[in-house]
Amino acid sequence: MSQRLLIIVTWIAIVILSLTLRLQNLEERPIHADEATGARILARQLVGEDYKFDPQHFHGPLLSLSSQPIARSRSETSWSELSVTTLRLSSVIAGLLVVFTPLLWRRSIGSWGALAAAALLASSPLMVYYNRMYIHESLLTLFAMLACAAVLRLTEHPSKRIAIASGLCIGLMFATKETFAISILAWLPAVGLCYWRQRANDARHLCPNLRLYLLPSGLLIITSALSAAYFYSDGFRSMQGIIDAVRTYFVYETTAGHEKGMGYYLELLVWPKQEFGIWWSEALIALLAVIAVAFAAVKRVPNPALLFLAVATVCHFIIYSCISYKTPWLMMVPWAHACLLGGYVFSYFPSLKTRSRLILTLLLLTGLAYQTKQSIHASGRLANDSRNPYAYVPTSKDAPKVERWLQELSALPDAPTLSPIAVIGQEYWPLPWYLRSFETIGYWPTPIQAVTGLPIIFAMPAQEQACDNLLAATHTKLPRGLRANVAVTLYLRNDIWQHWMRTDTQ
């Protein structure tokens, strides 16, 4: 088999692996609270409600905008019609496209290096797990990987065309999520070091060459600002959206309970952890990244792309680790950088001795097989278990069961109506997703006398005692789970409960 044919066959295998890991049983995992809130925003846009960006609680508009064509193509145009598969397809598509981004680095990484990096991206449990989730990070990772390649190219060869492409990608990052600014901060030192190294070889032309970057830099800033402003302002129809896009850095409200120590991300991704008889770790990627840097240091190869990626990866990890608010999906952009850096080991492949090639190949294949095994477990039978290191505040399996039970209850012969429904308390997501088939749902921070006649009341833990006092004589109390370590109490009116018990007995 020729080398070219082998490369093509390997790419096909990587694509098949990537799709299989991301699409298999995509709808089975209960919807996450963040997915449900994103679905609500999408549903409002599908029915034609006016766009409004909330700088305090939500992220950029691009996730819902990119999901609209998928929803419409599947004839899902309302809140009650949306399905979990439709929501998650946009992330799956973005994740698949990320797997192809190493091709942008093929000139410096080589064909085998690009293949290795793509295989690492395709099988990484972190990437696989969150590519199956309707959140902003998969899109952000895609645009970050495109922007990263464009920014490096601009550093090496300043031009208006590359500057506009870089600005467009950065603008799309901004329109996806405000954390794009962290990537900018991580890339700046990498750009500076690459520029310094490039100019150190020809110090006489420092000033003229520096001026060559002025116009491209200006174009990059203008393009990124305009492209982000277009989406935040709903096509320049709402200028308040542009103001709010800046305000979000000053008024955004993070949820309590996500504060973690400096070493959280290192422990999550690299340090081995045993659960369910499985050792969880993506140390292969970190090991290959370190080997790539070590090879460059030993051989003294002046590779600006490797220098850029090494500095950018380290800076990403340092910045994210210094921020006390931490969630696993925030690592997707830095980890994609690390996968690229790990692929660089195989750029040296043709020049290595046969023994070294064999060792590297066995290391990669063994590591990929184990990463794939972890991805299968993490996204399969353990997808909703809080002991799975990637399952962050998962929704309880009780939530979809409650939805099915209410549907069975409403389908009973001579069944009383189950609407309207009351939800008492705060932080009740993703409960609204599982109640979306009911037209009338009221939300109150505390219980009121008027809810005593309603057929169904859901109470969050902080309001359970108050609801007990109010509903003890009229409703039957049924404890249920909502999220990891968060319960919800369902109060079913006594006449409906008795009707269910009679029917169930029969």
# chains A, B, ... in the order shown; residues from 1 in each chain; ligands from 1

$ closest_atom_pairs --of "stretch 2-53 of chain A" --to "stretch 391-400 of chain A" --cutoff "7 Å" --atoms "only C-alpha atoms" --output "tab-separated table"
residue	atom	partner	partner_atom	distance
A:Pro30	CA	A:Thr395	CA	6.0
A:Ile31	CA	A:Thr395	CA	6.6
A:His32	CA	A:Thr395	CA	5.6

$ residues_around --residues "A:Tyr428" --least-positions-apart "6" --cutoff "9 Å" --atoms "only C-alpha atoms" --output "PyMOL selection string"
chain A and resi 33+459-460+482+488

$ select_by_dssp --residues "stretch 152-371 of chain A" --states "alpha helix (DSSP H)" --output "ChimeraX atom specification"
/A:152-156,160-176,180-200,206-212,214-232,240-251,264-269,283-299,304-322,332-343,354-371

$ closest_atom_pairs --of "stretch 126-184 of chain A" --to "stretch 77-88 of chain A" --cutoff "9 Å" --atoms "only C-alpha atoms" --output "JSON lines"
{"residue": "A:Asn131", "atom": "CA", "partner": "A:Arg88", "partner_atom": "CA", "distance": 7.8}
{"residue": "A:Arg132", "atom": "CA", "partner": "A:Arg88", "partner_atom": "CA", "distance": 5.8}
{"residue": "A:Met133", "atom": "CA", "partner": "A:Arg88", "partner_atom": "CA", "distance": 5.5}
{"residue": "A:Tyr134", "atom": "CA", "partner": "A:Arg88", "partner_atom": "CA", "distance": 4.8}
{"residue": "A:Ile135", "atom": "CA", "partner": "A:Arg88", "partner_atom": "CA", "distance": 8.4}

$ write_last_selection --atoms "N, CA and C atoms" --output "mmCIF file, in the first residue's frame"
data_model
loop_
_atom_site.group_PDB
_atom_site.id
_atom_site.type_symbol
_atom_site.label_atom_id
_atom_site.label_comp_id
_atom_site.auth_asym_id
_atom_site.auth_seq_id
_atom_site.Cartn_x
_atom_site.Cartn_y
_atom_site.Cartn_z
ATOM 1 N N ASN A 131 -18.627 17.155 23.126
ATOM 2 C CA ASN A 131 -19.156 17.276 21.762
ATOM 3 C C ASN A 131 -20.545 16.666 21.660
ATOM 4 N N ARG A 132 -20.955 15.940 22.678
ATOM 5 C CA ARG A 132 -22.286 15.326 22.736
ATOM 6 C C ARG A 132 -23.228 16.123 23.641
ATOM 7 N N MET A 133 -22.907 17.383 23.841
ATOM 8 C CA MET A 133 -23.667 18.205 24.780
ATOM 9 C C MET A 133 -23.950 19.562 24.153
ATOM 10 N N TYR A 134 -25.157 20.064 24.307
ATOM 11 C CA TYR A 134 -25.565 21.320 23.675
ATOM 12 C C TYR A 134 -25.106 22.514 24.521
ATOM 13 N N ILE A 135 -23.813 22.786 24.450
ATOM 14 C CA ILE A 135 -23.228 23.947 25.112
ATOM 15 C C ILE A 135 -22.321 24.655 24.117
#

$ residues_around --residues "A:Ser73" --least-positions-apart "2" --cutoff "12 Å" --atoms "only C-alpha atoms" --output "list in words"
Leu46, Ser67, Gln68, Pro69, Ile70, Ala71, Ser75, Glu76, Thr77, Leu82, Thr86 and Leu89 of chain A

$ closest_residue --among "A:Arg493, A:Arg480, A:Arg44, A:His59" --to "A:Gly453" --atoms "only C-alpha atoms"
A:Arg493

$ residues_around --residues "A:Cys467" --least-positions-apart "3" --cutoff "10 Å" --atoms "only C-alpha atoms" --output "list in words"
Ile424, Thr446, Pro447, Ile448, Val451, Thr452, Ile457, Phe458, Ala459, Met460, Pro461, Ala462, Gln463, Glu464, Leu470, Leu471, Ala472, His475, Lys477, Thr489 and Tyr491 of chain A

$ select_by_dssp --residues "stretch 155-385 of chain A" --states "strand (DSSP E)" --output "list in words"
Lys273, Gln274, Glu275, Ile278, Trp279 and Trp280 of chain A

$ residues_around --residues "A:Ala289" --least-positions-apart "5" --cutoff "7 Å" --atoms "only C-alpha atoms" --output "short mmCIF file (atom, residue, chain, number, x, y, z; two decimals) with N, CA and C atoms, in the first residue's frame"
data_model
loop_
_atom_site.label_atom_id
_atom_site.label_comp_id
_atom_site.auth_asym_id
_atom_site.auth_seq_id
_atom_site.Cartn_x
_atom_site.Cartn_y
_atom_site.Cartn_z
N ALA A 338 -3.34 21.22 23.10
CA ALA A 338 -2.41 20.17 23.56
C ALA A 338 -2.41 18.98 22.61
N LEU A 341 -0.22 19.89 19.77
CA LEU A 341 1.17 19.85 20.21
C LEU A 341 1.66 18.41 20.30
N GLY A 342 0.80 17.51 20.79
CA GLY A 342 1.17 16.10 20.85
C GLY A 342 1.40 15.51 19.47
#

$ residues_around --residues "A:Phe295" --least-positions-apart "6" --cutoff "12 Å" --atoms "only C-alpha atoms" --output "ChimeraX atom specification"
/A:288-289,301-303,306,341-342,344-349,351-352

$ residues_around --residues "stretch 113-119 of chain A" --least-positions-apart "3" --cutoff "8 Å" --atoms "only C-alpha atoms" --output "mmCIF file with N, CA and C atoms, in the first residue's frame"
data_model
loop_
_atom_site.group_PDB
_atom_site.id
_atom_site.type_symbol
_atom_site.label_atom_id
_atom_site.label_comp_id
_atom_site.auth_asym_id
_atom_site.auth_seq_id
_atom_site.Cartn_x
_atom_site.Cartn_y
_atom_site.Cartn_z
ATOM 1 N N ILE A 7 -2.459 7.036 4.190
ATOM 2 C CA ILE A 7 -2.895 8.256 4.878
ATOM 3 C C ILE A 7 -4.392 8.477 4.672
ATOM 4 N N THR A 10 -6.355 5.992 6.716
ATOM 5 C CA THR A 10 -6.290 6.342 8.136
ATOM 6 C C THR A 10 -7.223 7.497 8.460
ATOM 7 N N TRP A 11 -7.274 8.499 7.574
ATOM 8 C CA TRP A 11 -8.202 9.612 7.785
ATOM 9 C C TRP A 11 -9.649 9.128 7.805
ATOM 10 N N ILE A 14 -10.325 7.575 11.108
ATOM 11 C CA ILE A 14 -10.450 8.579 12.166
ATOM 12 C C ILE A 14 -11.825 9.237 12.126
ATOM 13 N N VAL A 99 -11.777 17.919 14.442
ATOM 14 C CA VAL A 99 -10.879 16.809 14.120
ATOM 15 C C VAL A 99 -10.103 17.080 12.836
ATOM 16 N N PHE A 100 -10.676 17.846 11.919
ATOM 17 C CA PHE A 100 -10.003 18.144 10.652
ATOM 18 C C PHE A 100 -9.029 19.326 10.758
ATOM 19 N N THR A 101 -9.080 20.105 11.835
ATOM 20 C CA THR A 101 -8.250 21.320 11.920
ATOM 21 C C THR A 101 -6.744 21.066 11.888
ATOM 22 N N PRO A 102 -6.225 19.890 12.305
ATOM 23 C CA PRO A 102 -4.780 19.677 12.147
ATOM 24 C C PRO A 102 -4.292 19.790 10.710
ATOM 25 N N LEU A 103 -5.189 19.642 9.732
ATOM 26 C CA LEU A 103 -4.782 19.809 8.331
ATOM 27 C C LEU A 103 -4.275 21.217 8.065
ATOM 28 N N TRP A 105 -2.304 22.757 9.855
ATOM 29 C CA TRP A 105 -0.924 22.809 10.346
ATOM 30 C C TRP A 105 -0.028 21.816 9.603
ATOM 31 N N ARG A 106 -0.564 21.222 8.538
ATOM 32 C CA ARG A 106 0.140 20.146 7.857
ATOM 33 C C ARG A 106 1.503 20.591 7.314
ATOM 34 N N ILE A 109 3.534 20.472 10.577
ATOM 35 C CA ILE A 109 3.387 19.276 11.398
ATOM 36 C C ILE A 109 3.595 17.998 10.591
ATOM 37 N N GLY A 110 3.459 18.094 9.265
ATOM 38 C CA GLY A 110 3.596 16.926 8.397
ATOM 39 C C GLY A 110 2.311 16.108 8.345
ATOM 40 N N ALA A 122 -10.041 13.097 18.051
ATOM 41 C CA ALA A 122 -11.210 12.247 17.800
ATOM 42 C C ALA A 122 -11.542 11.363 18.988
ATOM 43 N N SER A 123 -10.517 10.908 19.734
ATOM 44 C CA SER A 123 -10.734 9.923 20.795
ATOM 45 C C SER A 123 -10.661 10.493 22.202
ATOM 46 N N CYS A 339 -3.571 18.648 22.044
ATOM 47 C CA CYS A 339 -3.625 17.548 21.065
ATOM 48 C C CYS A 339 -2.785 17.870 19.831
ATOM 49 N N LEU A 340 -2.866 19.108 19.363
ATOM 50 C CA LEU A 340 -2.038 19.527 18.235
ATOM 51 C C LEU A 340 -0.560 19.435 18.582
ATOM 52 N N LEU A 341 -0.224 19.891 19.769
ATOM 53 C CA LEU A 341 1.166 19.855 20.206
ATOM 54 C C LEU A 341 1.659 18.414 20.298
ATOM 55 N N GLY A 342 0.804 17.515 20.788
ATOM 56 C CA GLY A 342 1.167 16.102 20.846
ATOM 57 C C GLY A 342 1.401 15.510 19.472
ATOM 58 N N GLY A 343 0.642 15.951 18.486
ATOM 59 C CA GLY A 343 0.826 15.462 17.124
ATOM 60 C C GLY A 343 2.167 15.842 16.536
ATOM 61 N N TYR A 344 2.786 16.885 17.078
ATOM 62 C CA TYR A 344 4.075 17.333 16.545
ATOM 63 C C TYR A 344 5.175 16.291 16.710
ATOM 64 N N VAL A 345 5.012 15.376 17.666
ATOM 65 C CA VAL A 345 6.018 14.324 17.830
ATOM 66 C C VAL A 345 6.223 13.587 16.517
ATOM 67 N N PHE A 346 5.125 13.398 15.790
ATOM 68 C CA PHE A 346 5.185 12.581 14.583
ATOM 69 C C PHE A 346 5.636 13.378 13.358
ATOM 70 N N SER A 347 5.906 14.652 13.544
ATOM 71 C CA SER A 347 6.546 15.398 12.458
ATOM 72 C C SER A 347 8.009 14.993 12.317
ATOM 73 N N LEU A 364 1.351 5.445 20.690
ATOM 74 C CA LEU A 364 0.174 6.137 20.168
ATOM 75 C C LEU A 364 -1.026 5.195 20.055
ATOM 76 N N LEU A 368 -4.371 5.560 22.141
ATOM 77 C CA LEU A 368 -5.634 5.832 21.441
ATOM 78 C C LEU A 368 -6.695 4.795 21.791
#

$ closest_residue --among "A:Leu42, A:Val98, A:Ala186, A:Leu104" --to "A:Phe143" --atoms "only C-alpha atoms"
A:Val98

$ closest_residue --among "A:Leu219, A:Met262, A:Ile182, A:Ile291" --to "A:Tyr249" --atoms "only C-alpha atoms"
A:Ile182

$ closest_residue --among "A:Tyr434, A:Trp444, A:Phe174, A:Phe317" --to "A:Leu62" --atoms "only C-alpha atoms"
A:Phe174

$ decode --residues "stretch 197-323 of chain A" --atoms "C-alpha atoms" --output "PDB file, in the first residue's frame"
ATOM      1  CA  ARG A 197      12.517  34.730  17.230  1.00  0.00           C
ATOM      2  CA  GLN A 198      11.748  35.577  13.626  1.00  0.00           C
ATOM      3  CA  ARG A 199      13.217  39.058  13.881  1.00  0.00           C
ATOM      4  CA  ALA A 200      16.254  37.906  15.868  1.00  0.00           C
ATOM      5  CA  ASN A 201      17.555  36.304  12.680  1.00  0.00           C
ATOM      6  CA  ASP A 202      17.524  39.665  10.903  1.00  0.00           C
ATOM      7  CA  ALA A 203      17.685  42.515  13.402  1.00  0.00           C
ATOM      8  CA  ARG A 204      18.527  45.079  10.701  1.00  0.00           C
ATOM      9  CA  HIS A 205      15.009  44.932   9.271  1.00  0.00           C
ATOM     10  CA  LEU A 206      13.183  45.099  12.618  1.00  0.00           C
ATOM     11  CA  CYS A 207      11.573  48.525  12.131  1.00  0.00           C
ATOM     12  CA  PRO A 208      10.391  48.124   8.525  1.00  0.00           C
ATOM     13  CA  ASN A 209       9.070  44.628   9.244  1.00  0.00           C
ATOM     14  CA  LEU A 210       7.240  45.848  12.346  1.00  0.00           C
ATOM     15  CA  ARG A 211       5.435  48.429  10.206  1.00  0.00           C
ATOM     16  CA  LEU A 212       4.251  45.643   7.931  1.00  0.00           C
ATOM     17  CA  TYR A 213       2.069  44.374  10.796  1.00  0.00           C
ATOM     18  CA  LEU A 214       0.264  47.668  11.445  1.00  0.00           C
ATOM     19  CA  LEU A 215      -2.317  47.490   8.665  1.00  0.00           C
ATOM     20  CA  PRO A 216      -3.028  43.732   9.090  1.00  0.00           C
ATOM     21  CA  SER A 217      -3.418  44.234  12.850  1.00  0.00           C
ATOM     22  CA  GLY A 218      -5.880  47.039  12.261  1.00  0.00           C
ATOM     23  CA  LEU A 219      -7.854  44.933   9.808  1.00  0.00           C
ATOM     24  CA  LEU A 220      -7.900  42.027  12.270  1.00  0.00           C
ATOM     25  CA  ILE A 221      -9.321  44.213  15.055  1.00  0.00           C
ATOM     26  CA  ILE A 222     -11.926  45.857  12.816  1.00  0.00           C
ATOM     27  CA  THR A 223     -13.041  42.558  11.270  1.00  0.00           C
ATOM     28  CA  SER A 224     -13.342  40.793  14.614  1.00  0.00           C
ATOM     29  CA  ALA A 225     -15.274  43.710  16.133  1.00  0.00           C
ATOM     30  CA  LEU A 226     -17.673  43.996  13.187  1.00  0.00           C
ATOM     31  CA  SER A 227     -18.335  40.274  12.900  1.00  0.00           C
ATOM     32  CA  ALA A 228     -19.017  39.924  16.639  1.00  0.00           C
ATOM     33  CA  ALA A 229     -21.158  43.085  16.623  1.00  0.00           C
ATOM     34  CA  TYR A 230     -23.245  41.723  13.752  1.00  0.00           C
ATOM     35  CA  PHE A 231     -24.355  38.716  15.778  1.00  0.00           C
ATOM     36  CA  TYR A 232     -24.763  40.469  19.128  1.00  0.00           C
ATOM     37  CA  SER A 233     -26.882  43.195  17.497  1.00  0.00           C
ATOM     38  CA  ASP A 234     -29.042  40.738  15.499  1.00  0.00           C
ATOM     39  CA  GLY A 235     -27.731  41.960  12.173  1.00  0.00           C
ATOM     40  CA  PHE A 236     -27.208  45.553  13.445  1.00  0.00           C
ATOM     41  CA  ARG A 237     -30.919  45.822  14.292  1.00  0.00           C
ATOM     42  CA  SER A 238     -30.351  46.112  18.054  1.00  0.00           C
ATOM     43  CA  MET A 239     -27.401  48.281  19.037  1.00  0.00           C
ATOM     44  CA  GLN A 240     -28.016  47.520  22.718  1.00  0.00           C
ATOM     45  CA  GLY A 241     -26.668  44.024  22.038  1.00  0.00           C
ATOM     46  CA  ILE A 242     -23.246  45.482  21.195  1.00  0.00           C
ATOM     47  CA  ILE A 243     -23.197  47.450  24.450  1.00  0.00           C
ATOM     48  CA  ASP A 244     -24.285  44.388  26.409  1.00  0.00           C
ATOM     49  CA  ALA A 245     -21.546  42.287  24.799  1.00  0.00           C
ATOM     50  CA  VAL A 246     -19.016  44.594  26.481  1.00  0.00           C
ATOM     51  CA  ARG A 247     -21.042  44.944  29.695  1.00  0.00           C
ATOM     52  CA  THR A 248     -21.030  41.183  30.216  1.00  0.00           C
ATOM     53  CA  TYR A 249     -17.403  41.384  31.415  1.00  0.00           C
ATOM     54  CA  PHE A 250     -18.537  43.624  34.264  1.00  0.00           C
ATOM     55  CA  VAL A 251     -22.008  42.324  35.168  1.00  0.00           C
ATOM     56  CA  TYR A 252     -21.939  38.568  34.441  1.00  0.00           C
ATOM     57  CA  GLU A 253     -23.136  36.559  37.458  1.00  0.00           C
ATOM     58  CA  THR A 254     -21.480  33.194  38.027  1.00  0.00           C
ATOM     59  CA  THR A 255     -23.280  30.460  39.938  1.00  0.00           C
ATOM     60  CA  ALA A 256     -21.892  29.575  43.347  1.00  0.00           C
ATOM     61  CA  GLY A 257     -20.441  26.124  43.949  1.00  0.00           C
ATOM     62  CA  HIS A 258     -17.993  25.934  41.044  1.00  0.00           C
ATOM     63  CA  GLU A 259     -14.942  27.269  42.897  1.00  0.00           C
ATOM     64  CA  LYS A 260     -11.981  24.883  42.773  1.00  0.00           C
ATOM     65  CA  GLY A 261      -8.257  24.834  43.490  1.00  0.00           C
ATOM     66  CA  MET A 262      -5.370  25.514  41.134  1.00  0.00           C
ATOM     67  CA  GLY A 263      -4.707  21.837  40.413  1.00  0.00           C
ATOM     68  CA  TYR A 264      -8.261  20.896  39.416  1.00  0.00           C
ATOM     69  CA  TYR A 265      -7.655  20.729  35.655  1.00  0.00           C
ATOM     70  CA  LEU A 266      -4.382  18.832  36.007  1.00  0.00           C
ATOM     71  CA  GLU A 267      -6.109  16.255  38.205  1.00  0.00           C
ATOM     72  CA  LEU A 268      -9.096  16.031  35.853  1.00  0.00           C
ATOM     73  CA  LEU A 269      -7.115  15.420  32.672  1.00  0.00           C
ATOM     74  CA  VAL A 270      -3.740  13.938  33.592  1.00  0.00           C
ATOM     75  CA  TRP A 271      -3.650  12.478  37.099  1.00  0.00           C
ATOM     76  CA  PRO A 272      -4.893   8.833  37.053  1.00  0.00           C
ATOM     77  CA  LYS A 273      -8.164   8.221  38.931  1.00  0.00           C
ATOM     78  CA  GLN A 274      -9.862   4.858  39.444  1.00  0.00           C
ATOM     79  CA  GLU A 275     -13.657   4.620  39.288  1.00  0.00           C
ATOM     80  CA  PHE A 276     -15.768   1.621  38.220  1.00  0.00           C
ATOM     81  CA  GLY A 277     -12.550  -0.378  37.790  1.00  0.00           C
ATOM     82  CA  ILE A 278     -11.354   2.073  35.118  1.00  0.00           C
ATOM     83  CA  TRP A 279      -8.270   4.254  35.350  1.00  0.00           C
ATOM     84  CA  TRP A 280      -9.332   7.652  34.023  1.00  0.00           C
ATOM     85  CA  SER A 281      -6.542   9.754  32.521  1.00  0.00           C
ATOM     86  CA  GLU A 282      -5.613  11.514  29.283  1.00  0.00           C
ATOM     87  CA  ALA A 283      -1.944  11.536  30.187  1.00  0.00           C
ATOM     88  CA  LEU A 284      -1.068  10.296  26.682  1.00  0.00           C
ATOM     89  CA  ILE A 285      -1.795  13.737  25.223  1.00  0.00           C
ATOM     90  CA  ALA A 286       0.244  15.511  27.894  1.00  0.00           C
ATOM     91  CA  LEU A 287       3.109  13.019  27.472  1.00  0.00           C
ATOM     92  CA  LEU A 288       3.240  13.449  23.690  1.00  0.00           C
ATOM     93  CA  ALA A 289       3.139  17.232  24.066  1.00  0.00           C
ATOM     94  CA  VAL A 290       6.119  17.120  26.444  1.00  0.00           C
ATOM     95  CA  ILE A 291       8.001  14.760  24.094  1.00  0.00           C
ATOM     96  CA  ALA A 292       7.382  17.139  21.176  1.00  0.00           C
ATOM     97  CA  VAL A 293       8.889  20.048  23.089  1.00  0.00           C
ATOM     98  CA  ALA A 294      11.787  17.876  24.272  1.00  0.00           C
ATOM     99  CA  PHE A 295      12.543  16.748  20.705  1.00  0.00           C
ATOM    100  CA  ALA A 296      12.608  20.350  19.555  1.00  0.00           C
ATOM    101  CA  ALA A 297      14.933  21.323  22.409  1.00  0.00           C
ATOM    102  CA  VAL A 298      17.335  18.435  21.769  1.00  0.00           C
ATOM    103  CA  LYS A 299      17.407  18.847  18.011  1.00  0.00           C
ATOM    104  CA  ARG A 300      17.272  22.655  18.265  1.00  0.00           C
ATOM    105  CA  VAL A 301      14.693  22.780  15.515  1.00  0.00           C
ATOM    106  CA  PRO A 302      13.572  26.410  15.001  1.00  0.00           C
ATOM    107  CA  ASN A 303       9.898  25.523  14.457  1.00  0.00           C
ATOM    108  CA  PRO A 304       7.755  28.641  15.094  1.00  0.00           C
ATOM    109  CA  ALA A 305       4.505  26.632  15.013  1.00  0.00           C
ATOM    110  CA  LEU A 306       5.679  24.340  17.812  1.00  0.00           C
ATOM    111  CA  LEU A 307       6.871  27.330  19.847  1.00  0.00           C
ATOM    112  CA  PHE A 308       3.532  29.083  19.311  1.00  0.00           C
ATOM    113  CA  LEU A 309       1.480  26.067  20.364  1.00  0.00           C
ATOM    114  CA  ALA A 310       3.650  25.242  23.379  1.00  0.00           C
ATOM    115  CA  VAL A 311       3.430  28.792  24.765  1.00  0.00           C
ATOM    116  CA  ALA A 312      -0.271  29.130  23.947  1.00  0.00           C
ATOM    117  CA  THR A 313      -1.126  25.799  25.603  1.00  0.00           C
ATOM    118  CA  VAL A 314       0.794  26.582  28.788  1.00  0.00           C
ATOM    119  CA  CYS A 315      -0.657  30.106  28.987  1.00  0.00           C
ATOM    120  CA  HIS A 316      -4.203  28.761  28.552  1.00  0.00           C
ATOM    121  CA  PHE A 317      -3.709  26.337  31.439  1.00  0.00           C
ATOM    122  CA  ILE A 318      -2.153  28.965  33.701  1.00  0.00           C
ATOM    123  CA  ILE A 319      -4.935  31.512  33.116  1.00  0.00           C
ATOM    124  CA  TYR A 320      -7.776  29.022  33.537  1.00  0.00           C
ATOM    125  CA  SER A 321      -6.131  27.522  36.634  1.00  0.00           C
ATOM    126  CA  CYS A 322      -5.833  30.943  38.247  1.00  0.00           C
ATOM    127  CA  ILE A 323      -9.586  31.563  37.891  1.00  0.00           C
TER     128      ILE A 323
END
